[in-house]
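Participant: The file below is protein_33.txt, compact mmCIF, C-alpha atoms:
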# COMPACT_ATOMS: atom_id res chain seq x y z
CA MET A 1 -4.52 -58.49 29.14
CA MET A 2 -1.31 -56.56 29.59
CA GLN A 3 -1.33 -54.09 32.50
CA GLY A 4 -0.75 -50.70 30.82
CA PRO A 5 0.98 -47.79 32.50
CA ASP A 6 -1.16 -45.15 34.22
CA ILE A 7 -1.49 -42.78 31.26
CA GLY A 8 -3.90 -40.44 33.06
CA LYS A 9 -1.38 -39.86 35.84
CA ALA A 10 1.38 -39.21 33.30
CA ILE A 11 -0.77 -36.66 31.47
CA PHE A 12 -1.64 -34.84 34.69
CA GLU A 13 1.97 -34.82 35.79
CA HIS A 14 3.08 -33.49 32.43
CA THR A 15 0.58 -30.65 32.16
CA SER A 16 0.48 -29.56 35.81
CA ASP A 17 2.91 -27.28 37.56
CA SER A 18 5.74 -28.69 39.63
CA HIS A 19 8.67 -27.73 41.78
CA VAL A 20 10.99 -29.70 39.48
CA VAL A 21 12.23 -28.54 36.06
CA GLU A 22 13.36 -31.31 33.73
CA LEU A 23 16.57 -30.24 32.05
CA PRO A 24 16.92 -31.08 28.35
CA PHE A 25 19.02 -33.94 26.92
CA GLY A 26 18.92 -35.95 30.15
CA LEU A 27 20.94 -33.37 32.07
CA GLY A 28 18.86 -34.25 35.09
CA GLU A 29 16.39 -32.30 37.15
CA TRP A 30 16.51 -28.87 38.67
CA HIS A 31 14.80 -28.86 42.06
CA LEU A 32 13.48 -25.37 42.68
CA PRO A 33 13.66 -23.91 46.18
CA THR A 34 10.50 -24.28 48.26
CA GLY A 35 9.11 -22.57 51.29
CA TRP A 36 9.26 -18.98 50.02
CA ARG A 37 6.51 -17.04 51.79
CA LEU A 38 5.09 -13.57 51.28
CA VAL A 39 2.38 -12.33 53.65
CA GLY A 40 1.35 -15.88 54.39
CA VAL A 41 1.19 -16.97 50.74
CA ASP A 42 3.46 -19.67 49.36
CA VAL A 43 5.40 -17.92 46.56
CA SER A 44 7.98 -20.66 45.93
CA PRO A 45 9.01 -20.61 42.26
CA THR A 46 7.64 -23.42 40.12
CA LYS A 47 8.24 -24.84 36.66
CA HIS A 48 5.70 -22.46 35.16
CA VAL A 49 7.39 -19.49 36.82
CA VAL A 50 10.69 -20.54 35.22
CA PHE A 51 9.10 -20.88 31.80
CA MET A 52 7.27 -17.58 32.20
CA ILE A 53 10.58 -15.88 32.90
CA VAL A 54 12.12 -17.64 29.88
CA ALA A 55 9.18 -16.50 27.72
CA ALA A 56 9.47 -12.94 29.04
CA LEU A 57 13.22 -12.91 28.32
CA LEU A 58 12.66 -14.23 24.78
CA VAL A 59 9.92 -11.67 24.13
CA PHE A 60 12.14 -8.87 25.37
CA LEU A 61 15.12 -10.07 23.28
CA THR A 62 12.90 -10.44 20.20
CA ILE A 63 11.37 -7.00 20.44
CA TRP A 64 14.58 -5.29 21.54
CA TYR A 65 16.64 -6.86 18.74
CA ALA A 66 13.93 -6.26 16.11
CA GLY A 67 13.55 -2.67 17.31
CA ARG A 68 17.29 -2.08 17.02
CA GLN A 69 17.33 -3.60 13.53
CA VAL A 70 14.30 -1.63 12.35
CA ALA A 71 15.69 1.61 13.80
CA ARG A 72 19.09 1.01 12.16
CA ARG A 73 17.57 0.28 8.77
CA HIS A 74 15.40 3.37 9.21
CA ARG A 75 18.43 5.56 10.00
CA GLU A 76 20.17 4.21 6.89
CA GLY A 77 17.08 5.15 4.89
CA LYS A 78 16.44 1.55 3.84
CA ALA A 79 13.27 -0.52 3.89
CA PRO A 80 12.89 -3.01 6.78
CA HIS A 81 14.43 -6.37 6.14
CA GLY A 82 14.55 -9.92 7.51
CA PHE A 83 13.87 -10.54 11.20
CA GLY A 84 13.07 -6.93 11.96
CA ALA A 85 10.53 -6.76 9.12
CA ALA A 86 8.82 -9.97 10.30
CA VAL A 87 8.47 -8.76 13.90
CA GLU A 88 7.47 -5.30 12.68
CA ALA A 89 4.66 -6.81 10.58
CA MET A 90 3.27 -8.68 13.62
CA VAL A 91 3.65 -5.65 15.88
CA LEU A 92 1.86 -3.44 13.37
CA PHE A 93 -0.92 -5.99 12.90
CA VAL A 94 -1.58 -6.26 16.64
CA ARG A 95 -1.26 -2.49 17.12
CA ASN A 96 -3.41 -1.34 14.18
CA ASP A 97 -5.84 -4.17 13.48
CA VAL A 98 -6.28 -5.51 17.01
CA ALA A 99 -5.71 -2.68 19.48
CA ILE A 100 -6.54 0.54 17.65
CA ALA A 101 -9.25 -0.99 15.42
CA ASN A 102 -11.20 -2.34 18.42
CA ILE A 103 -10.49 0.27 21.08
CA GLY A 104 -11.16 3.06 18.62
CA HIS A 105 -10.07 6.62 19.19
CA GLY A 106 -7.26 6.74 21.76
CA GLY A 107 -6.30 3.11 21.17
CA GLU A 108 -2.61 4.01 20.78
CA LYS A 109 -2.37 4.48 24.57
CA PHE A 110 -3.31 0.82 25.11
CA ALA A 111 -1.22 -0.55 22.22
CA PRO A 112 1.89 -1.30 24.36
CA TYR A 113 -0.21 -3.27 26.86
CA ILE A 114 -2.07 -5.22 24.14
CA LEU A 115 1.21 -5.88 22.29
CA THR A 116 2.94 -7.14 25.43
CA LEU A 117 -0.07 -9.33 26.22
CA PHE A 118 -0.04 -10.82 22.72
CA PHE A 119 3.65 -11.58 22.53
CA PHE A 120 3.90 -12.86 26.12
CA ILE A 121 0.96 -15.26 25.67
CA LEU A 122 2.27 -16.32 22.25
CA TYR A 123 5.72 -17.20 23.60
CA CYS A 124 4.26 -18.99 26.62
CA ASN A 125 2.03 -21.01 24.26
CA LEU A 126 4.92 -21.86 21.95
CA LEU A 127 7.27 -22.90 24.78
CA GLY A 128 4.86 -25.71 25.62
CA LEU A 129 5.34 -27.19 22.14
CA LEU A 130 9.11 -27.58 22.61
CA PRO A 131 10.51 -30.83 24.01
CA TRP A 132 11.12 -30.54 27.80
CA GLY A 133 8.99 -27.42 27.65
CA ALA A 134 6.00 -26.43 29.77
CA THR A 135 3.03 -24.21 29.00
CA PRO A 136 2.56 -21.50 31.62
CA THR A 137 -0.64 -20.45 29.82
CA GLY A 138 -2.01 -23.96 30.46
CA ASN A 139 -2.26 -23.01 34.13
CA LEU A 140 -5.38 -21.36 35.57
CA ALA A 141 -3.35 -19.18 37.93
CA VAL A 142 -1.34 -17.72 35.05
CA THR A 143 -4.29 -17.11 32.72
CA GLY A 144 -6.28 -15.82 35.69
CA ALA A 145 -3.56 -13.32 36.57
CA LEU A 146 -3.33 -12.16 32.96
CA ALA A 147 -7.10 -11.77 32.85
CA LEU A 148 -6.87 -9.85 36.13
CA THR A 149 -4.53 -7.33 34.47
CA ALA A 150 -7.05 -7.09 31.63
CA PHE A 151 -9.90 -6.58 34.14
CA VAL A 152 -8.01 -3.82 35.96
CA THR A 153 -7.07 -2.16 32.65
CA ILE A 154 -10.67 -2.32 31.39
CA GLU A 155 -12.22 -0.90 34.56
CA VAL A 156 -9.55 1.75 35.29
CA SER A 157 -9.52 2.98 31.70
CA GLY A 158 -13.32 3.04 31.73
CA PHE A 159 -13.34 5.03 34.96
CA ARG A 160 -10.85 7.52 33.55
CA ALA A 161 -12.66 7.87 30.22
CA LEU A 162 -16.21 8.12 31.60
CA GLY A 163 -15.63 9.91 34.88
CA PRO A 164 -17.18 8.82 38.22
CA ARG A 165 -20.77 9.43 37.09
CA GLY A 166 -20.37 7.75 33.74
CA TYR A 167 -18.56 4.81 35.30
CA LEU A 168 -21.30 4.38 37.89
CA LYS A 169 -23.80 4.14 35.02
CA THR A 170 -21.99 1.05 33.72
CA ILE A 171 -22.79 -0.62 37.08
CA VAL A 172 -26.18 0.82 38.03
CA PHE A 173 -27.98 0.70 34.73
CA VAL A 174 -31.26 2.62 34.28
CA PRO A 175 -32.77 2.57 30.77
CA PRO A 176 -33.18 6.09 29.37
CA GLY A 177 -36.67 7.57 29.77
CA MET A 178 -37.52 5.67 32.95
CA SER A 179 -38.08 7.36 36.31
CA GLY A 180 -39.55 6.76 39.75
CA VAL A 181 -40.38 3.23 40.80
CA GLY A 182 -39.64 1.77 37.38
CA ALA A 183 -36.13 3.18 37.39
CA VAL A 184 -35.44 1.81 40.89
CA ALA A 185 -36.82 -1.60 39.89
CA MET A 186 -34.72 -1.66 36.72
CA ALA A 187 -31.63 -0.59 38.66
CA LEU A 188 -32.22 -3.34 41.20
CA ILE A 189 -32.61 -5.95 38.48
CA MET A 190 -29.87 -4.71 36.17
CA THR A 191 -27.12 -3.93 38.68
CA PRO A 192 -26.34 -7.56 39.52
CA ILE A 193 -26.40 -8.39 35.82
CA GLU A 194 -23.98 -5.57 35.03
CA ILE A 195 -21.64 -6.68 37.82
CA ILE A 196 -21.79 -10.28 36.64
CA GLY A 197 -21.09 -9.02 33.09
CA LYS A 198 -17.96 -7.25 34.32
CA ILE A 199 -16.68 -10.37 36.10
CA VAL A 200 -17.63 -12.83 33.37
CA LYS A 201 -15.38 -11.14 30.81
CA PRO A 202 -12.03 -11.84 32.54
CA PHE A 203 -13.37 -15.19 33.72
CA ALA A 204 -14.04 -16.18 30.10
CA LEU A 205 -10.58 -14.97 29.10
CA THR A 206 -9.06 -17.09 31.87
CA LEU A 207 -10.90 -20.28 30.98
CA ARG A 208 -10.60 -19.94 27.20
CA LEU A 209 -6.82 -19.65 27.14
CA PHE A 210 -6.31 -22.28 29.84
CA ALA A 211 -8.71 -24.79 28.25
CA ASN A 212 -7.31 -24.36 24.75
CA MET A 213 -3.72 -24.83 25.82
CA THR A 214 -4.44 -27.73 28.17
CA ALA A 215 -6.82 -29.54 25.83
CA GLY A 216 -4.30 -29.68 23.01
CA HIS A 217 -1.70 -31.17 25.32
CA PHE A 218 -4.20 -33.68 26.67
CA VAL A 219 -5.03 -34.85 23.14
CA ILE A 220 -1.38 -35.16 22.14
CA LEU A 221 -0.44 -37.00 25.33
CA ALA A 222 -3.48 -39.28 25.10
CA LEU A 223 -2.59 -40.20 21.52
CA LEU A 224 1.00 -40.92 22.53
CA GLY A 225 -0.33 -42.90 25.54
CA LEU A 226 -2.18 -45.23 23.16
CA ILE A 227 1.20 -46.49 21.99
CA PHE A 228 2.14 -47.63 25.50
CA ILE A 229 -1.30 -49.07 26.27
CA PHE A 230 -1.37 -51.20 23.11
CA GLY A 231 2.37 -51.72 22.78
CA SER A 232 2.01 -52.10 19.02
CA TRP A 233 4.09 -50.62 16.18
CA LEU A 234 0.95 -50.26 14.05
CA VAL A 235 -0.75 -48.10 16.70
CA ALA A 236 2.52 -46.17 17.07
CA ALA A 237 2.53 -45.28 13.36
CA GLY A 238 -1.07 -44.07 13.51
CA SER A 239 -0.54 -42.19 16.77
CA VAL A 240 2.57 -40.42 15.53
CA ALA A 241 0.75 -39.35 12.36
CA PHE A 242 -2.14 -37.94 14.45
CA VAL A 243 0.24 -36.30 16.92
CA THR A 244 2.11 -34.59 14.05
CA PHE A 245 -1.19 -33.23 12.81
CA MET A 246 -2.15 -32.16 16.34
CA MET A 247 1.21 -30.45 16.80
CA LEU A 248 0.61 -28.35 13.67
CA LEU A 249 -2.87 -27.57 14.94
CA GLU A 250 -1.36 -26.59 18.31
CA LEU A 251 1.01 -24.25 16.48
CA LEU A 252 -2.01 -22.57 14.92
CA VAL A 253 -3.86 -22.52 18.24
CA ALA A 254 -0.84 -20.95 19.96
CA PHE A 255 -1.04 -17.97 17.61
CA LEU A 256 -4.84 -17.97 17.54
CA GLN A 257 -5.33 -17.92 21.32
CA ALA A 258 -2.74 -15.15 21.79
CA TYR A 259 -4.60 -13.21 19.09
CA ILE A 260 -8.01 -13.88 20.64
CA PHE A 261 -6.88 -12.88 24.15
CA ALA A 262 -5.43 -9.61 22.80
CA LEU A 263 -8.47 -9.03 20.56
CA LEU A 264 -11.08 -9.59 23.28
CA THR A 265 -9.17 -7.46 25.77
CA SER A 266 -9.14 -4.69 23.15
CA VAL A 267 -12.84 -5.14 22.45
CA PHE A 268 -13.69 -4.97 26.19
CA ILE A 269 -11.55 -1.83 26.64
CA GLY A 270 -13.26 -0.29 23.60
CA MET A 271 -16.72 -1.19 24.96
CA MET A 272 -15.94 0.55 28.24
CA GLN A 273 -14.41 3.59 26.54
CA HIS A 274 -17.51 4.16 24.47
CA ALA A 275 -20.18 3.07 26.97
CA HIS A 276 -23.00 5.57 27.39
CA MET B 1 -14.00 -30.46 43.97
CA PRO B 2 -11.91 -28.82 46.71
CA ALA B 3 -9.45 -31.66 46.33
CA LEU B 4 -9.04 -30.70 42.69
CA LEU B 5 -8.73 -26.95 43.21
CA LEU B 6 -6.89 -26.47 46.46
CA VAL B 7 -3.20 -27.12 46.51
CA GLN B 8 -1.47 -28.84 49.35
CA GLU B 9 2.21 -28.00 49.60
CA GLY B 10 4.09 -29.55 46.73
CA GLU B 11 1.07 -31.16 45.14
CA PHE B 12 -0.18 -30.00 41.73
CA THR B 13 -2.90 -30.94 39.25
CA PRO B 14 -3.65 -29.24 35.89
CA PHE B 15 -6.76 -27.67 37.47
CA SER B 16 -5.21 -26.36 40.66
CA ILE B 17 -4.94 -22.63 41.30
CA ASN B 18 -1.69 -21.66 42.95
CA THR B 19 -1.92 -18.21 44.54
CA GLY B 20 1.85 -17.82 44.42
CA LEU B 21 1.74 -18.30 40.66
CA ILE B 22 -0.76 -15.44 40.32
CA PHE B 23 1.75 -13.24 42.15
CA TRP B 24 4.61 -14.45 39.92
CA THR B 25 2.61 -13.96 36.73
CA ILE B 26 1.77 -10.38 37.65
CA VAL B 27 5.40 -9.69 38.59
CA VAL B 28 6.87 -11.23 35.40
CA PHE B 29 4.25 -9.68 33.13
CA GLY B 30 4.56 -6.32 34.87
CA VAL B 31 8.34 -6.26 34.54
CA LEU B 32 8.13 -7.29 30.88
CA LEU B 33 5.48 -4.64 30.22
CA ALA B 34 7.58 -1.94 31.88
CA LEU B 35 10.75 -2.95 30.02
CA LEU B 36 9.04 -3.16 26.65
CA TRP B 37 7.16 0.10 27.26
CA ARG B 38 10.50 1.80 27.86
CA PHE B 39 12.92 -0.04 25.53
CA GLY B 40 10.88 -2.20 23.14
CA TRP B 41 7.86 -0.66 21.47
CA PRO B 42 9.05 2.94 20.99
CA ALA B 43 12.03 1.81 18.86
CA ILE B 44 9.80 -0.10 16.45
CA LEU B 45 6.82 2.26 16.46
CA LYS B 46 8.87 5.43 16.11
CA SER B 47 10.68 4.08 13.04
CA VAL B 48 7.42 2.86 11.55
CA GLU B 49 5.68 6.17 12.11
CA GLU B 50 8.60 8.11 10.67
CA ARG B 51 8.69 5.78 7.67
CA GLU B 52 4.94 6.16 7.17
CA HIS B 53 5.39 9.91 7.32
CA ARG B 54 8.25 9.77 4.80
CA ILE B 55 6.33 7.53 2.42
CA GLN B 56 3.31 9.82 2.64
CA GLN B 57 5.57 12.77 1.90
CA GLN B 58 7.05 10.99 -1.11
CA LEU B 59 3.59 10.07 -2.34
CA ASP B 60 2.47 13.68 -2.06
CA GLU B 61 5.60 14.79 -3.89
CA ALA B 62 5.00 12.25 -6.65
CA GLU B 63 1.41 13.47 -6.98
CA ARG B 64 2.66 17.05 -7.25
CA ALA B 65 5.27 16.04 -9.86
CA ARG B 66 2.61 14.16 -11.82
CA ALA B 67 0.30 17.18 -11.84
CA GLU B 68 3.20 19.39 -12.91
CA ALA B 69 4.10 16.98 -15.73
CA ALA B 70 0.48 16.88 -16.90
CA ARG B 71 0.37 20.66 -16.85
CA LEU B 72 3.60 20.89 -18.89
CA LEU B 73 2.34 18.31 -21.37
CA GLU B 74 -0.87 20.28 -21.82
CA GLU B 75 1.14 23.42 -22.35
CA HIS B 76 3.40 21.73 -24.91
CA LYS B 77 0.41 20.35 -26.74
CA ARG B 78 -1.07 23.81 -26.89
CA THR B 79 2.22 25.28 -28.12
CA ILE B 80 2.53 22.63 -30.82
CA ALA B 81 -1.06 23.20 -31.96
CA THR B 82 -0.45 26.96 -32.18
CA ALA B 83 2.78 26.38 -34.11
CA LYS B 84 0.98 24.07 -36.53
CA ALA B 85 -1.76 26.62 -37.13
CA ASP B 86 0.87 29.33 -37.60
CA ALA B 87 2.75 27.21 -40.11
CA GLN B 88 -0.41 26.48 -42.05
CA GLU B 89 -1.29 30.16 -42.12
CA ILE B 90 2.19 31.04 -43.35
CA VAL B 91 2.04 28.41 -46.10
CA ALA B 92 -1.39 29.59 -47.19
CA LYS B 93 -0.23 33.19 -47.24
CA ALA B 94 2.85 32.27 -49.27
CA LYS B 95 0.71 30.34 -51.72
CA ALA B 96 -1.66 33.25 -52.16
CA LEU B 97 1.26 35.64 -52.63
CA ALA B 98 2.86 33.34 -55.20
CA ASP B 99 -0.41 33.05 -57.10
CA LYS B 100 -0.82 36.78 -57.14
CA GLU B 101 2.80 37.25 -58.24
CA ARG B 102 2.36 34.76 -61.04
CA GLU B 103 -0.80 36.48 -62.19
CA THR B 104 0.91 39.87 -62.33
CA LEU B 105 3.95 38.41 -64.09
CA LEU B 106 1.75 36.72 -66.67
CA ALA B 107 -0.26 39.88 -67.23
CA LYS B 108 2.91 41.89 -67.63
CA ALA B 109 4.33 39.37 -70.10
CA ARG B 110 1.16 39.40 -72.10
CA GLN B 111 1.14 43.16 -72.16
CA GLU B 112 4.78 43.31 -73.30
CA TYR B 113 4.06 40.75 -75.98
CA ASP B 114 1.11 42.77 -77.19
CA GLN B 115 3.20 45.94 -77.29
CA LEU B 116 5.95 44.15 -79.18
CA LEU B 117 3.46 42.80 -81.67
CA GLU B 118 1.93 46.23 -82.14
CA ARG B 119 5.29 47.83 -82.72
CA ALA B 120 6.26 45.12 -85.22
CA ARG B 121 3.04 45.62 -87.02
CA LEU B 122 3.56 49.40 -87.16
CA GLU B 123 7.12 48.93 -88.37
CA ILE B 124 6.01 46.46 -91.03
CA GLY B 125 3.35 48.93 -92.21
CA ALA B 126 5.89 51.76 -92.41
CA GLU B 127 8.36 49.58 -94.27
CA LYS B 128 5.61 48.57 -96.66
CA GLU B 129 4.72 52.25 -97.31
CA LYS B 130 8.40 53.00 -97.83
CA ALA B 131 8.71 50.07 -100.22
CA ILE B 132 5.63 51.16 -102.18
CA VAL B 133 6.99 54.70 -102.52
CA ALA B 134 10.35 53.31 -103.62
CA LEU B 135 8.68 50.98 -106.09
CA ARG B 136 6.60 53.73 -107.44
CA ARG B 137 9.65 55.94 -107.98
CA GLU B 138 11.37 53.00 -109.65
CA ALA B 139 8.32 52.47 -111.87
CA VAL B 140 8.28 56.13 -112.82
CA ASP B 141 12.02 55.96 -113.57
CA LEU B 142 11.47 52.84 -115.66
CA SER B 143 8.59 54.45 -117.45
CA ILE B 144 10.61 57.55 -118.12
CA ALA B 145 13.43 55.32 -119.37
CA ALA B 146 11.02 53.42 -121.56
CA ALA B 147 9.47 56.64 -122.69
CA SER B 148 12.87 58.10 -123.61
CA LYS B 149 13.51 54.96 -125.68
CA LEU B 150 10.21 55.38 -127.43
CA LEU B 151 10.76 59.10 -127.87
CA GLU B 152 14.00 58.28 -129.51
CA ALA B 153 12.11 56.08 -131.99
CA GLN B 154 8.85 57.97 -132.68
CA LEU B 155 8.57 61.15 -130.72
CA ASP B 156 5.05 62.12 -131.60
CA SER B 157 3.17 58.91 -132.10
CA GLU B 158 -0.26 58.84 -130.57
CA THR B 159 -0.18 55.13 -130.43
CA ASN B 160 2.92 55.13 -128.38
CA ARG B 161 1.38 57.47 -125.84
CA LYS B 162 -1.46 55.02 -125.50
CA LEU B 163 0.90 52.22 -124.97
CA VAL B 164 2.66 54.06 -122.17
CA MET B 165 -0.58 54.85 -120.49
CA GLN B 166 -1.70 51.27 -120.73
CA TYR B 167 1.52 50.14 -119.24
CA LEU B 168 1.21 52.50 -116.36
CA ALA B 169 -2.34 51.32 -115.75
CA GLN B 170 -1.12 47.77 -115.69
CA LEU B 171 1.49 48.64 -113.08
CA GLU B 172 -1.13 50.41 -111.00
CA ALA B 173 -3.37 47.39 -111.15
CA GLY B 174 -0.52 45.06 -110.15
CA ARG B 175 0.27 47.23 -107.14
CA ALA B 176 -3.34 47.31 -106.08
CA ARG B 177 -3.45 43.55 -106.11
Any chance you could put this one into structure tokens?

Facilitator:
Amino acid sequence: MMQGPDIGKAIFEHTSDSHVVELPFGLGEWHLPTGWRLVGVDVSPTKHVVFMIVAALLVFLTIWYAGRQVARRHREGKAPHGFGAAVEAMVLFVRNDVAIANIGHGGEKFAPYILTLFFFILYCNLLGLLPWGATPTGNLAVTGALALTAFVTIEVSGFRALGPRGYLKTIVFVPPGMSGVGAVAMALIMTPIEIIGKIVKPFALTLRLFANMTAGHFVILALLGLIFIFGSWLVAAGSVAFVTFMMLLELLVAFLQAYIFALLTSVFIGMMQHAH
Amino acid sequence: MPALLLVQEGEFTPFSINTGLIFWTIVVFGVLLALLWRFGWPAILKSVEEREHRIQQQLDEAERARAEAARLLEEHKRTIATAKADAQEIVAKAKALADKERETLLAKARQEYDQLLERARLEIGAEKEKAIVALRREAVDLSIAAASKLLEAQLDSETNRKLVMQYLAQLEAGRAR
């Protein structure tokens, strides 16, 4: 039996972060500086940092250009058209049907945050589908940090909407109509559950986005790895067909996961805003 | 497990959590959020809201124009119906007037005809009387002429007198018939 290459190692190397960025078209490698430290933490830039910055730049250019186009067409008294209309449709969908629909009254205040979240995650997801690309959202640190912003937004907005007393009720829960020993017992039982509930939400956001992005890449890379393990043209044909299908599925998942992250964040903000 | 999660310098796996990356993510996302909040979303959302406002305004205007048009149509329909009724009334009135006029004209004509007939009859009667008188005078003249002839022949004949009387009677009878 032929000794195949270590496909597992290749997959891990491809999907994990690194201090080296592969430049496209064989232009070589870009070795990022190491040893940057901030209050004892290693903050050296990595491949995923580079791609996050690229994604952020692309998002900003997209929205800025579309905004200019839409505003110009609006000044000329014409209907939106082309690129601006396409971006506008997505922006309006996320704003009206994701943010405002789930947060409820006062959702407009959170719309810029939800919109930025959606487009940033979407572009990060899509960058991983490009050749020589990497998926920052396939990294637990990135999804965790994004979920952390969601957690802070949920809790701070809840505190501001409910006031100190109302916010405390979302942690120390006493069912209405109970008093005395029963209330204390319920509070003792329910408080840990409420705290766990608060932490589980961002944790689920973190894992869902990370797992979805990483799993798709694992499947694609494993299918492509089959070609090198078997070394057969027949397997190559089958693998390429499956990988094409998986790539289209990944395209869907890229949009879907950005949508779900934005949707769930909106739902959690809405739940806190209207908690009683 | 720790081997999978903790990162030694320069060593990465897909499941490792790099604290530095958390910092970078928050920085990049925060900067993007701030930039878009200031330069990105307002441009799109302001235009969209203004457009929505304008479209709503136009819709309201169209609704107003539609109501106005319906009102005008109703008014026109009413006007046309009134005009139709008026026209019918006028035609009926004219017809009635014409009928009445014809009746009076006919009556007048009949009356004139009757008068004419009456006068003709009267005139005919008068003429007849005149003719009878004339005829009578002629008959008397003829009788006198005949009598003169007879007187020339036999002046005192009783028979002749009888004859004359008979003749006169005959004439009388002829006139009566």

Participant: Can you write out as JSON lines which residues of chain B fall within 8 Å of chain A, alongside each residue's closest atom pair and its distance in Å to one decimal, counting only C-alpha atoms and ordering rows by chain and ascending residue number?

Facilitator:
{"residue": "B:Gly10", "atom": "CA", "partner": "A:His19", "partner_atom": "CA", "distance": 7.0}
{"residue": "B:Glu11", "atom": "CA", "partner": "A:Ser18", "partner_atom": "CA", "distance": 7.6}
{"residue": "B:Phe12", "atom": "CA", "partner": "A:Asp17", "partner_atom": "CA", "distance": 5.9}
{"residue": "B:Thr13", "atom": "CA", "partner": "A:Ser16", "partner_atom": "CA", "distance": 5.0}
{"residue": "B:Pro14", "atom": "CA", "partner": "A:Ser16", "partner_atom": "CA", "distance": 4.1}
{"residue": "B:Phe15", "atom": "CA", "partner": "A:Leu140", "partner_atom": "CA", "distance": 6.7}
{"residue": "B:Ser16", "atom": "CA", "partner": "A:Leu140", "partner_atom": "CA", "distance": 7.1}
{"residue": "B:Ile17", "atom": "CA", "partner": "A:Ala141", "partner_atom": "CA", "distance": 5.1}
{"residue": "B:Asn18", "atom": "CA", "partner": "A:Ala141", "partner_atom": "CA", "distance": 5.8}
{"residue": "B:Thr19", "atom": "CA", "partner": "A:Ala141", "partner_atom": "CA", "distance": 6.8}
{"residue": "B:Gly20", "atom": "CA", "partner": "A:Val43", "partner_atom": "CA", "distance": 4.1}
{"residue": "B:Leu21", "atom": "CA", "partner": "A:Ala141", "partner_atom": "CA", "distance": 5.8}
{"residue": "B:Ile22", "atom": "CA", "partner": "A:Ala145", "partner_atom": "CA", "distance": 5.1}
{"residue": "B:Phe23", "atom": "CA", "partner": "A:Val43", "partner_atom": "CA", "distance": 7.4}
{"residue": "B:Trp24", "atom": "CA", "partner": "A:Val49", "partner_atom": "CA", "distance": 6.5}
{"residue": "B:Thr25", "atom": "CA", "partner": "A:Val142", "partner_atom": "CA", "distance": 5.7}
{"residue": "B:Ile26", "atom": "CA", "partner": "A:Ala145", "partner_atom": "CA", "distance": 6.2}
{"residue": "B:Val28", "atom": "CA", "partner": "A:Ile53", "partner_atom": "CA", "distance": 6.5}
{"residue": "B:Phe29", "atom": "CA", "partner": "A:Ala56", "partner_atom": "CA", "distance": 7.4}
{"residue": "B:Leu32", "atom": "CA", "partner": "A:Ala56", "partner_atom": "CA", "distance": 6.1}
{"residue": "B:Leu33", "atom": "CA", "partner": "A:Thr116", "partner_atom": "CA", "distance": 6.0}
{"residue": "B:Leu35", "atom": "CA", "partner": "A:Phe60", "partner_atom": "CA", "distance": 7.7}
{"residue": "B:Leu36", "atom": "CA", "partner": "A:Phe60", "partner_atom": "CA", "distance": 6.6}
{"residue": "B:Trp37", "atom": "CA", "partner": "A:Pro112", "partner_atom": "CA", "distance": 6.2}
{"residue": "B:Phe39", "atom": "CA", "partner": "A:Trp64", "partner_atom": "CA", "distance": 6.8}
{"residue": "B:Gly40", "atom": "CA", "partner": "A:Trp64", "partner_atom": "CA", "distance": 5.1}
{"residue": "B:Trp41", "atom": "CA", "partner": "A:Pro112", "partner_atom": "CA", "distance": 6.7}
{"residue": "B:Ala43", "atom": "CA", "partner": "A:Gly67", "partner_atom": "CA", "distance": 5.0}
{"residue": "B:Ile44", "atom": "CA", "partner": "A:Gly67", "partner_atom": "CA", "distance": 4.6}
{"residue": "B:Ser47", "atom": "CA", "partner": "A:Ala71", "partner_atom": "CA", "distance": 5.6}
{"residue": "B:Arg51", "atom": "CA", "partner": "A:His74", "partner_atom": "CA", "distance": 7.3}

Participant: As a PyMOL selection string, please: the residues near Pro176 in chain A (cut-off 12 Å, all atoms listed in the file, same-chain neighbours under 5 positions excluded).

Facilitator: chain A and resi 169+182-183+186-187+276

Participant: Identify, on the basis of only C-alpha atoms, every residue whose closest approach to Ile269 in chain A does not exceed 12 Å; exclude the query and any residue fewer than 2 positions from it along the same chain; express the result as a short mmCIF file (atom, residue, chain, number, x, y, z; two decimals) with C-alpha atoms, keeping the file's coordinate frame.

Facilitator:
data_model
loop_
_atom_site.label_atom_id
_atom_site.label_comp_id
_atom_site.auth_asym_id
_atom_site.auth_seq_id
_atom_site.Cartn_x
_atom_site.Cartn_y
_atom_site.Cartn_z
CA VAL A 98 -6.28 -5.51 17.01
CA ALA A 99 -5.71 -2.68 19.48
CA ILE A 100 -6.54 0.54 17.65
CA ALA A 101 -9.25 -0.99 15.42
CA ASN A 102 -11.20 -2.34 18.42
CA ILE A 103 -10.49 0.27 21.08
CA GLY A 104 -11.16 3.06 18.62
CA HIS A 105 -10.07 6.62 19.19
CA GLY A 106 -7.26 6.74 21.76
CA GLY A 107 -6.30 3.11 21.17
CA LYS A 109 -2.37 4.48 24.57
CA PHE A 110 -3.31 0.82 25.11
CA ALA A 111 -1.22 -0.55 22.22
CA TYR A 113 -0.21 -3.27 26.86
CA ILE A 114 -2.07 -5.22 24.14
CA THR A 149 -4.53 -7.33 34.47
CA ALA A 150 -7.05 -7.09 31.63
CA PHE A 151 -9.90 -6.58 34.14
CA VAL A 152 -8.01 -3.82 35.96
CA THR A 153 -7.07 -2.16 32.65
CA ILE A 154 -10.67 -2.32 31.39
CA GLU A 155 -12.22 -0.90 34.56
CA VAL A 156 -9.55 1.75 35.29
CA SER A 157 -9.52 2.98 31.70
CA GLY A 158 -13.32 3.04 31.73
CA PHE A 159 -13.34 5.03 34.96
CA ARG A 160 -10.85 7.52 33.55
CA ALA A 161 -12.66 7.87 30.22
CA LYS A 198 -17.96 -7.25 34.32
CA LYS A 201 -15.38 -11.14 30.81
CA PRO A 202 -12.03 -11.84 32.54
CA ALA A 262 -5.43 -9.61 22.80
CA LEU A 263 -8.47 -9.03 20.56
CA LEU A 264 -11.08 -9.59 23.28
CA THR A 265 -9.17 -7.46 25.77
CA SER A 266 -9.14 -4.69 23.15
CA VAL A 267 -12.84 -5.14 22.45
CA MET A 271 -16.72 -1.19 24.96
CA MET A 272 -15.94 0.55 28.24
CA GLN A 273 -14.41 3.59 26.54
CA HIS A 274 -17.51 4.16 24.47
CA ALA A 275 -20.18 3.07 26.97
#
